[in-house]
Amino acid sequence: MEKINLFCFPFAGGSKYSYRSYQDFLPANIVLRNVEIPGRGSRANETPLASLEQIADDIFTQIKGELHQPYAFYGHSMGGLLTYLLSQRVVANGLPNPLSLFITGAIGPSAKYRGLIDYRLPRTEFFDQLKKLGGSPEEVLNNELLMEFFEPVLRADFEAVATYQYQQKTVMNIPISVIIGDREKATLEEAKRWSLESTMPVDVQVYEGDHFFIFHHQESVIKSITEKLNTKVILS
């Protein structure tokens with residue numbers, strides 16, 4: 001089976017390690033390619049970016065030389081919007097399209113954003129909202145020193161999503177698969193707005209769970225991705 005790179009883009013506050021457990025469920029031919037953005041991990045000494053366009057530019061610079069073999073994009077929440085912005089850069093630069101876009105926990109980019117957390121909240125309220133949202137390890141949320149370190153990163157990420165201004169661009173010729181949780185703020189109608197961004201089929205599914213349903217359905221999410229990718233490779 002032909003090798004496929006699956007580039008993964010982080011959710012707010014996430015890093016290149018956020019999806020590492022996905023590796024346990026991937027077949028040998030699909031290679032998990034996690035990217036790092038400023039302010040975290042190996043780039044912790046860099047200033048976090050508070051603009052999705054700037055984050056997308058940063059990622060595109062990292063991966064543009066690796067898009068000449070089969071690949072796909074995946075992102076959760078903020079990462080879902082980054083799949084769209086990265087794909088637009090791919091199209092604008094005449095590079096080979098991703099085989100597919102896989103998006104979880106993100107409404108279509110044209111839908112009116114209803115922020116998960118207001119990045120301007122005072123620290124105590126901001127941290128309380130993070131705990132309610134989920135997705136952050138308890139050992140981090142309950143550690144004052146760690147939260148002091150991660151707070152600027154989290155605020156920058158939530159600001160990047162909240163201030164994103166959608167501009168309709170080229171309608172892509174890329175299939176899109178979307179999954180949302182049935183207990184998160186995203187609605188089915190908002191998720192279906194991804195169909196405005198592609199001439200190819202857009203598959204929308206609803207899983208049980210809140211915004212971070214992905215960590216309770218990892219095997220199912222990866223199975224859906226791998227089946228679609230390997231079917232596409234066989235048919236191409």
# chains A, B, ... in the order shown; residues from 1 in each chain; ligands from 1

$ residues_around --residues "Val178 in chain A" --least-positions-apart "6" --cutoff "6 Å" --atoms "only C-alpha atoms" --output "list in words"
Ile103, Thr104 and Val204 of chain A

$ write_last_selection --atoms "N, CA, C and O atoms" --output "PDB file, in the first residue's frame"
ATOM      1  N   ILE A 103     -11.647  16.891   9.426  1.00  0.00           N
ATOM      2  CA  ILE A 103     -11.886  17.985  10.366  1.00  0.00           C
ATOM      3  C   ILE A 103     -12.785  17.495  11.483  1.00  0.00           C
ATOM      4  O   ILE A 103     -13.830  16.887  11.230  1.00  0.00           O
ATOM      5  N   THR A 104     -12.375  17.748  12.721  1.00  0.00           N
ATOM      6  CA  THR A 104     -13.226  17.407  13.863  1.00  0.00           C
ATOM      7  C   THR A 104     -13.426  18.643  14.731  1.00  0.00           C
ATOM      8  O   THR A 104     -12.533  19.474  14.869  1.00  0.00           O
ATOM      9  N   VAL A 204     -20.451  14.606   6.676  1.00  0.00           N
ATOM     10  CA  VAL A 204     -20.557  15.137   8.031  1.00  0.00           C
ATOM     11  C   VAL A 204     -21.155  14.068   8.943  1.00  0.00           C
ATOM     12  O   VAL A 204     -22.215  13.517   8.655  1.00  0.00           O
TER      13      VAL A 204
END

$ closest_atom_pairs --of "range 117-229 of chain A" --to "range 45-65 of chain A" --cutoff "12 Å" --atoms "only C-alpha atoms" --output "CSV"
residue,atom,partner,partner_atom,distance
A:Tyr119,CA,A:Ala50,CA,10.5
A:Phe149,CA,A:Asn45,CA,10.9
A:Phe150,CA,A:Pro48,CA,10.1
A:Glu151,CA,A:Pro48,CA,10.5
A:Pro152,CA,A:Pro48,CA,7.3
A:Val153,CA,A:Pro48,CA,5.6
A:Leu154,CA,A:Pro48,CA,8.8
A:Arg155,CA,A:Ala50,CA,8.1
A:Ala156,CA,A:Ala50,CA,4.4
A:Asp157,CA,A:Ala50,CA,5.9
A:Phe158,CA,A:Ala50,CA,7.8
A:Glu159,CA,A:Ala50,CA,5.7
A:Ala160,CA,A:Ser51,CA,4.3
A:Val161,CA,A:Leu52,CA,6.5
A:Ala162,CA,A:Ser51,CA,9.3
A:Thr163,CA,A:Ser51,CA,7.4
A:Tyr164,CA,A:Leu52,CA,6.5
A:Gln165,CA,A:Leu52,CA,9.3
A:Tyr166,CA,A:Glu53,CA,10.5
A:Gln167,CA,A:Glu53,CA,11.4

$ select_by_dssp --residues "range 4-235 of chain A" --states "strand (DSSP E or B)" --output "ChimeraX atom specification"
/A:4-9,30-34,71-76,101-104,172,176-181,198,202-207

$ write_last_selection --atoms "N, CA and C atoms" --output "JSON list (two decimals), in the first residue's frame"
[["chain", "number", "residue", "atom", "x", "y", "z"],
["A", 4, "ILE", "N", 1.19, 7.36, 2.83],
["A", 4, "ILE", "CA", 0.45, 8.62, 2.86],
["A", 4, "ILE", "C", 0.85, 9.39, 4.12],
["A", 5, "ASN", "N", 1.23, 10.65, 3.96],
["A", 5, "ASN", "CA", 1.52, 11.50, 5.11],
["A", 5, "ASN", "C", 0.24, 12.16, 5.59],
["A", 6, "LEU", "N", -0.04, 12.04, 6.88],
["A", 6, "LEU", "CA", -1.21, 12.68, 7.47],
["A", 6, "LEU", "C", -0.72, 13.83, 8.34],
["A", 7, "PHE", "N", -0.77, 15.06, 7.79],
["A", 7, "PHE", "CA", -0.33, 16.24, 8.53],
["A", 7, "PHE", "C", -1.43, 16.67, 9.50],
["A", 8, "CYS", "N", -1.06, 16.82, 10.78],
["A", 8, "CYS", "CA", -2.03, 17.14, 11.82],
["A", 8, "CYS", "C", -1.75, 18.52, 12.41],
["A", 9, "PHE", "N", -2.80, 19.32, 12.54],
["A", 9, "PHE", "CA", -2.68, 20.69, 13.02],
["A", 9, "PHE", "C", -3.36, 20.83, 14.38],
["A", 30, "ILE", "N", 0.21, 4.79, 6.67],
["A", 30, "ILE", "CA", -0.16, 6.17, 6.95],
["A", 30, "ILE", "C", 0.75, 6.70, 8.05],
["A", 31, "VAL", "N", 1.47, 7.77, 7.72],
["A", 31, "VAL", "CA", 2.49, 8.32, 8.61],
["A", 31, "VAL", "C", 1.95, 9.58, 9.27],
["A", 32, "LEU", "N", 1.90, 9.58, 10.60],
["A", 32, "LEU", "CA", 1.44, 10.74, 11.35],
["A", 32, "LEU", "C", 2.50, 11.82, 11.30],
["A", 33, "ARG", "N", 2.14, 13.00, 10.78],
["A", 33, "ARG", "CA", 3.09, 14.11, 10.67],
["A", 33, "ARG", "C", 2.54, 15.29, 11.47],
["A", 34, "ASN", "N", 3.00, 15.41, 12.70],
["A", 34, "ASN", "CA", 2.56, 16.50, 13.56],
["A", 34, "ASN", "C", 3.44, 17.72, 13.38],
["A", 71, "TYR", "N", -0.71, 12.82, 0.49],
["A", 71, "TYR", "CA", -0.85, 13.34, 1.84],
["A", 71, "TYR", "C", -2.29, 13.79, 2.08],
["A", 72, "ALA", "N", -2.61, 13.99, 3.35],
["A", 72, "ALA", "CA", -3.91, 14.52, 3.75],
["A", 72, "ALA", "C", -3.69, 15.45, 4.93],
["A", 73, "PHE", "N", -4.69, 16.30, 5.21],
["A", 73, "PHE", "CA", -4.65, 17.22, 6.33],
["A", 73, "PHE", "C", -5.70, 16.81, 7.36],
["A", 74, "TYR", "N", -5.34, 16.93, 8.64],
["A", 74, "TYR", "CA", -6.30, 16.70, 9.72],
["A", 74, "TYR", "C", -6.13, 17.80, 10.77],
["A", 75, "GLY", "N", -7.25, 18.24, 11.33],
["A", 75, "GLY", "CA", -7.18, 19.20, 12.43],
["A", 75, "GLY", "C", -8.45, 19.18, 13.26],
["A", 76, "HIS", "N", -8.29, 19.41, 14.55],
["A", 76, "HIS", "CA", -9.43, 19.50, 15.46],
["A", 76, "HIS", "C", -9.60, 20.94, 15.91],
["A", 101, "LEU", "N", -9.43, 16.32, 3.29],
["A", 101, "LEU", "CA", -9.34, 17.07, 4.53],
["A", 101, "LEU", "C", -10.18, 16.36, 5.58],
["A", 102, "PHE", "N", -9.63, 16.18, 6.77],
["A", 102, "PHE", "CA", -10.35, 15.56, 7.88],
["A", 102, "PHE", "C", -10.43, 16.57, 9.01],
["A", 103, "ILE", "N", -11.65, 16.89, 9.43],
["A", 103, "ILE", "CA", -11.89, 17.98, 10.37],
["A", 103, "ILE", "C", -12.79, 17.50, 11.48],
["A", 104, "THR", "N", -12.37, 17.75, 12.72],
["A", 104, "THR", "CA", -13.23, 17.41, 13.86],
["A", 104, "THR", "C", -13.43, 18.64, 14.73],
["A", 172, "MET", "N", -12.46, 24.67, -3.52],
["A", 172, "MET", "CA", -11.47, 23.63, -3.73],
["A", 172, "MET", "C", -12.08, 22.38, -4.35],
["A", 176, "ILE", "N", -13.97, 16.44, 1.73],
["A", 176, "ILE", "CA", -13.86, 16.86, 3.13],
["A", 176, "ILE", "C", -14.72, 15.95, 4.00],
["A", 177, "SER", "N", -14.13, 15.50, 5.11],
["A", 177, "SER", "CA", -14.87, 14.70, 6.09],
["A", 177, "SER", "C", -14.88, 15.46, 7.42],
["A", 178, "VAL", "N", -16.06, 15.63, 7.99],
["A", 178, "VAL", "CA", -16.22, 16.42, 9.20],
["A", 178, "VAL", "C", -16.92, 15.59, 10.27],
["A", 179, "ILE", "N", -16.42, 15.67, 11.50],
["A", 179, "ILE", "CA", -17.09, 15.03, 12.63],
["A", 179, "ILE", "C", -17.22, 16.06, 13.75],
["A", 180, "ILE", "N", -18.42, 16.16, 14.34],
["A", 180, "ILE", "CA", -18.62, 17.03, 15.50],
["A", 180, "ILE", "C", -19.22, 16.19, 16.63],
["A", 181, "GLY", "N", -19.14, 16.72, 17.85],
["A", 181, "GLY", "CA", -19.76, 16.05, 18.99],
["A", 181, "GLY", "C", -21.19, 16.53, 19.18],
["A", 198, "SER", "N", -15.90, 23.23, -1.17],
["A", 198, "SER", "CA", -15.38, 22.21, -2.08],
["A", 198, "SER", "C", -16.43, 21.77, -3.09],
["A", 202, "VAL", "N", -18.79, 16.29, 0.71],
["A", 202, "VAL", "CA", -18.48, 16.64, 2.09],
["A", 202, "VAL", "C", -19.31, 15.74, 3.00],
["A", 203, "ASP", "N", -18.63, 14.90, 3.77],
["A", 203, "ASP", "CA", -19.27, 13.94, 4.64],
["A", 203, "ASP", "C", -19.27, 14.49, 6.07],
["A", 204, "VAL", "N", -20.45, 14.61, 6.68],
["A", 204, "VAL", "CA", -20.56, 15.14, 8.03],
["A", 204, "VAL", "C", -21.15, 14.07, 8.94],
["A", 205, "GLN", "N", -20.46, 13.79, 10.04],
["A", 205, "GLN", "CA", -20.93, 12.81, 11.03],
["A", 205, "GLN", "C", -21.02, 13.46, 12.41],
["A", 206, "VAL", "N", -21.87, 12.90, 13.26],
["A", 206, "VAL", "CA", -22.00, 13.38, 14.63],
["A", 206, "VAL", "C", -21.70, 12.22, 15.57],
["A", 207, "TYR", "N", -20.72, 12.43, 16.47],
["A", 207, "TYR", "CA", -20.37, 11.44, 17.47],
["A", 207, "TYR", "C", -20.91, 11.89, 18.83]]

$ residues_around --residues "Ser21 in chain A" --least-positions-apart "5" --cutoff "10 Å" --atoms "only C-alpha atoms" --output "PyMOL selection string"
chain A and resi 26+215+218-219

$ write_last_selection --atoms "all heavy atoms" --output "compact mmCIF listing (two decimals), in the first residue's frame"
# COMPACT_ATOMS: atom_id res chain seq x y z
N LEU A 26 -3.12 3.72 13.60
CA LEU A 26 -2.85 3.92 12.18
C LEU A 26 -2.21 2.70 11.54
O LEU A 26 -1.33 2.07 12.14
CB LEU A 26 -1.92 5.12 11.97
CG LEU A 26 -2.53 6.51 12.15
CD1 LEU A 26 -1.43 7.57 12.14
CD2 LEU A 26 -3.54 6.80 11.05
N PHE A 215 -11.05 12.27 21.99
CA PHE A 215 -10.22 11.45 22.87
C PHE A 215 -10.99 10.27 23.46
O PHE A 215 -10.39 9.40 24.10
CB PHE A 215 -9.61 12.32 23.97
CG PHE A 215 -8.62 13.31 23.42
CD1 PHE A 215 -8.81 14.67 23.60
CD2 PHE A 215 -7.52 12.89 22.69
CE1 PHE A 215 -7.91 15.59 23.07
CE2 PHE A 215 -6.63 13.80 22.16
CZ PHE A 215 -6.82 15.15 22.34
N GLN A 218 -11.01 7.76 19.66
CA GLN A 218 -9.81 7.83 18.83
C GLN A 218 -9.77 6.73 17.76
O GLN A 218 -9.49 7.01 16.59
CB GLN A 218 -8.56 7.73 19.70
CG GLN A 218 -8.35 8.93 20.59
CD GLN A 218 -7.09 8.81 21.43
OE1 GLN A 218 -5.99 8.96 20.91
NE2 GLN A 218 -7.24 8.52 22.70
N GLU A 219 -10.04 5.51 18.17
CA GLU A 219 -9.97 4.40 17.22
C GLU A 219 -10.98 4.58 16.09
O GLU A 219 -10.66 4.35 14.91
CB GLU A 219 -10.20 3.08 17.93
CG GLU A 219 -10.01 1.87 17.02
CD GLU A 219 -10.04 0.55 17.78
OE1 GLU A 219 -10.35 0.55 18.99
OE2 GLU A 219 -9.75 -0.49 17.14

$ atom_distance --atom1 "CA of Leu116 in chain A" --atom2 "CA of Arg183 in chain A"
12.9 Å

$ residues_around --residues "Gly108 in chain A" --least-positions-apart "4" --cutoff "10 Å" --atoms "only C-alpha atoms" --output "number ranges by chain"
A: 80-81, 84, 103, 112-113, 166, 178, 186, 189-197

$ atom_distance --atom1 "CA of Met147 in chain A" --atom2 "CA of Arg20 in chain A"
21.7 Å

$ closest_residue --among "A:Thr199, A:Thr187, A:Gln69, A:Asn29" --to "Ile107 in chain A" --atoms "only C-alpha atoms"
A:Thr187

$ residues_around --residues "Phe127 in chain A" --least-positions-apart "2" --cutoff "10 Å" --atoms "only C-alpha atoms" --output "number ranges by chain"
A: 117, 121-125, 129-133, 141-142, 147, 151

$ atom_distance --atom1 "CA of His216 in chain A" --atom2 "CA of Glu184 in chain A"
14.0 Å

$ closest_residue --among "A:Tyr22, A:His68, A:Arg40, A:Ser224" --to "Lys3 in chain A" --atoms "only C-alpha atoms"
A:His68

$ closest_residue --among "A:Ile214, A:Leu229, A:Leu67, A:Met1" --to "Asn93 in chain A" --atoms "only C-alpha atoms"
A:Leu67

$ closest_residue --among "A:Pro27, A:Pro96, A:Pro109, A:Gly134" --to "Lys223 in chain A" --atoms "only C-alpha atoms"
A:Pro27

$ closest_residue --among "A:Lys16, A:Leu99, A:Arg120, A:Leu85" --to "Lys228 in chain A" --atoms "only C-alpha atoms"
A:Leu99

$ residues_around --residues "Gly41 in chain A" --least-positions-apart "3" --cutoff "10 Å" --atoms "only C-alpha atoms" --output "VMD selection string"
chain A and resid 14 to 17 36 to 38 44 to 46
